[in-house]
Amino acid sequence: MALLSKVVGRSDSRQLTVKGPFSFEPFPNAVASGYLEVVDECNSPWKFTYKVSGNKRILSGQWELLYRSNKVQDGDEVAIRNNDVWGPQADYLIEVIRGGSN
(Lines give C-alpha, C1' and ligand atoms only; values in the text may rest on other atoms or scores of the structure.)
Protein backbone atom coordinates (compact mmCIF):
# COMPACT_ATOMS: atom_id res chain seq x y z
CA MET A 1 0.00 0.00 0.00
CA ALA A 2 1.33 3.41 -0.98
CA LEU A 3 2.05 5.97 1.72
CA LEU A 4 1.87 8.69 -0.92
CA SER A 5 0.72 8.56 -4.54
CA LYS A 6 -0.24 10.90 -7.32
CA VAL A 7 -1.14 10.82 -10.99
CA VAL A 8 1.50 13.07 -12.52
CA GLY A 9 0.48 16.16 -14.46
CA ARG A 10 2.32 18.68 -16.57
CA SER A 11 3.14 20.89 -13.58
CA ASP A 12 5.00 18.05 -11.82
CA SER A 13 8.15 17.93 -13.98
CA ARG A 14 10.29 20.11 -11.67
CA GLN A 15 8.76 19.12 -8.33
CA LEU A 16 6.05 16.75 -7.24
CA THR A 17 3.34 18.38 -5.16
CA VAL A 18 0.83 16.08 -3.48
CA LYS A 19 -2.18 17.69 -1.84
CA GLY A 20 -3.81 16.20 1.27
CA PRO A 21 -5.61 16.05 3.58
CA PHE A 22 -3.31 13.60 5.34
CA SER A 23 -4.57 11.70 8.38
CA PHE A 24 -0.93 11.17 9.43
CA GLU A 25 2.51 12.32 8.29
CA PRO A 26 3.70 9.62 5.86
CA PHE A 27 7.41 10.41 6.30
CA PRO A 28 8.08 11.83 9.80
CA ASN A 29 11.87 11.40 9.52
CA ALA A 30 11.85 13.36 6.25
CA VAL A 31 10.05 16.25 7.94
CA ALA A 32 12.79 16.40 10.57
CA SER A 33 15.71 16.11 8.12
CA GLY A 34 14.20 17.82 5.08
CA TYR A 35 15.14 14.84 2.88
CA LEU A 36 13.39 11.70 1.68
CA GLU A 37 15.56 8.85 0.41
CA VAL A 38 14.01 6.23 -1.88
CA VAL A 39 15.02 3.54 -4.36
CA ASP A 40 13.32 2.90 -7.70
CA GLU A 41 12.55 -0.35 -9.53
CA CYS A 42 16.13 -0.47 -10.87
CA ASN A 43 17.42 -0.23 -7.28
CA SER A 44 18.78 3.26 -8.03
CA PRO A 45 18.87 5.53 -4.97
CA TRP A 46 17.27 8.99 -5.05
CA LYS A 47 17.35 11.76 -2.46
CA PHE A 48 14.52 14.28 -2.60
CA THR A 49 14.18 17.53 -0.75
CA TYR A 50 11.00 17.08 1.31
CA LYS A 51 8.85 19.99 2.41
CA VAL A 52 5.52 20.21 4.16
CA SER A 53 3.43 23.27 3.36
CA GLY A 54 -0.02 23.17 4.94
CA ASN A 55 -1.84 20.19 3.41
CA LYS A 56 0.82 19.70 0.68
CA ARG A 57 3.87 17.44 0.52
CA ILE A 58 6.50 18.70 -1.93
CA LEU A 59 9.34 16.61 -3.40
CA SER A 60 12.10 18.43 -5.27
CA GLY A 61 15.88 18.14 -5.59
CA GLN A 62 16.58 14.89 -7.44
CA TRP A 63 12.88 14.57 -8.34
CA GLU A 64 13.47 16.31 -11.67
CA LEU A 65 16.31 13.89 -12.51
CA LEU A 66 14.17 10.86 -11.58
CA TYR A 67 11.34 12.30 -13.69
CA ARG A 68 13.60 12.48 -16.75
CA SER A 69 15.55 9.25 -16.11
CA ASN A 70 12.39 7.19 -15.66
CA LYS A 71 10.62 8.95 -18.56
CA VAL A 72 7.66 9.87 -16.39
CA GLN A 73 4.78 11.21 -18.48
CA ASP A 74 1.51 12.96 -17.79
CA GLY A 75 -0.99 10.37 -16.61
CA ASP A 76 1.60 8.08 -14.99
CA GLU A 77 1.12 7.43 -11.31
CA VAL A 78 3.99 7.78 -8.85
CA ALA A 79 3.66 5.78 -5.63
CA ILE A 80 5.96 5.70 -2.60
CA ARG A 81 5.67 2.86 -0.12
CA ASN A 82 7.73 1.16 2.55
CA ASN A 83 10.71 -0.69 1.09
CA ASP A 84 10.34 -4.28 2.19
CA VAL A 85 11.56 -5.67 -1.13
CA TRP A 86 14.54 -3.94 -2.74
CA GLY A 87 17.48 -4.01 -0.38
CA PRO A 88 18.55 -1.81 2.51
CA GLN A 89 19.63 1.34 0.61
CA ALA A 90 16.49 3.27 1.57
CA ASP A 91 13.45 2.88 3.78
CA TYR A 92 11.11 3.71 0.89
CA LEU A 93 10.47 2.51 -2.63
CA ILE A 94 9.19 4.67 -5.50
CA GLU A 95 7.30 3.16 -8.40
CA VAL A 96 6.17 4.68 -11.67
CA ILE A 97 2.94 3.06 -12.82
CA ARG A 98 2.53 3.76 -16.53
CA GLY A 99 -0.82 5.30 -17.39
CA GLY A 100 -1.88 5.32 -13.75
CA SER A 101 -3.65 2.53 -11.92
CA ASN A 102 -6.74 2.55 -14.13
# chains A, B, ... in the order shown; residues from 1 in each chain; ligands from 1
$ select_by_dssp --residues "region 5-87 of chain A" --states "alpha helix (DSSP H)" --output "PyMOL selection string"
chain A and resi 28-33+63-69
$ write_last_selection --atoms "N, CA and C atoms" --output "short mmCIF file (atom, residue, chain, number, x, y, z; two decimals), in the first residue's frame"
data_model
loop_
_atom_site.label_atom_id
_atom_site.label_comp_id
_atom_site.auth_asym_id
_atom_site.auth_seq_id
_atom_site.Cartn_x
_atom_site.Cartn_y
_atom_site.Cartn_z
N PRO A 28 7.69 10.95 8.69
CA PRO A 28 8.08 11.83 9.80
C PRO A 28 9.59 12.11 9.85
N ASN A 29 10.42 11.15 9.51
CA ASN A 29 11.87 11.40 9.52
C ASN A 29 12.27 12.41 8.45
N ALA A 30 11.56 12.40 7.33
CA ALA A 30 11.85 13.36 6.25
C ALA A 30 11.48 14.78 6.67
N VAL A 31 10.43 14.92 7.45
CA VAL A 31 10.05 16.25 7.94
C VAL A 31 11.17 16.80 8.80
N ALA A 32 11.72 15.96 9.66
CA ALA A 32 12.79 16.40 10.57
C ALA A 32 14.07 16.74 9.83
N SER A 33 14.43 15.92 8.83
CA SER A 33 15.71 16.11 8.12
C SER A 33 15.59 17.01 6.90
N TRP A 63 14.14 14.93 -7.69
CA TRP A 63 12.88 14.57 -8.34
C TRP A 63 12.94 14.81 -9.84
N GLU A 64 13.43 15.98 -10.24
CA GLU A 64 13.47 16.31 -11.67
C GLU A 64 14.33 15.31 -12.45
N LEU A 65 15.44 14.88 -11.87
CA LEU A 65 16.31 13.89 -12.51
C LEU A 65 15.61 12.53 -12.59
N LEU A 66 14.94 12.11 -11.54
CA LEU A 66 14.17 10.86 -11.58
C LEU A 66 13.09 10.94 -12.65
N TYR A 67 12.41 12.07 -12.71
CA TYR A 67 11.34 12.30 -13.69
C TYR A 67 11.86 12.06 -15.11
N ARG A 68 13.02 12.64 -15.41
CA ARG A 68 13.60 12.48 -16.75
C ARG A 68 14.17 11.07 -16.96
N SER A 69 14.90 10.57 -15.98
CA SER A 69 15.55 9.25 -16.11
C SER A 69 14.54 8.12 -16.28
#
$ select_by_dssp --residues "chain A" --states "strand (DSSP E or B)" --output "number ranges by chain"
A: 4-7, 16-19, 35-39, 45-53, 56-61, 77-82, 92-97
$ closest_residue --among "A:Cys42, A:Val52, A:Val96, A:Val85" --to "Phe27 (chain A)" --atoms "only C-alpha atoms"
A:Val52
$ atom_distance --atom1 "CA of Tyr35 (chain A)" --atom2 "CA of Gly99 (chain A)"
27.5 Å
$ atom_distance --atom1 "CA of Gln73 (chain A)" --atom2 "CA of Gln15 (chain A)"
13.5 Å
$ closest_residue --among "A:Asp84, A:Asp74, A:Asp91, A:Glu25" --to "Pro45 (chain A)" --atoms "only C-alpha atoms"
A:Asp91
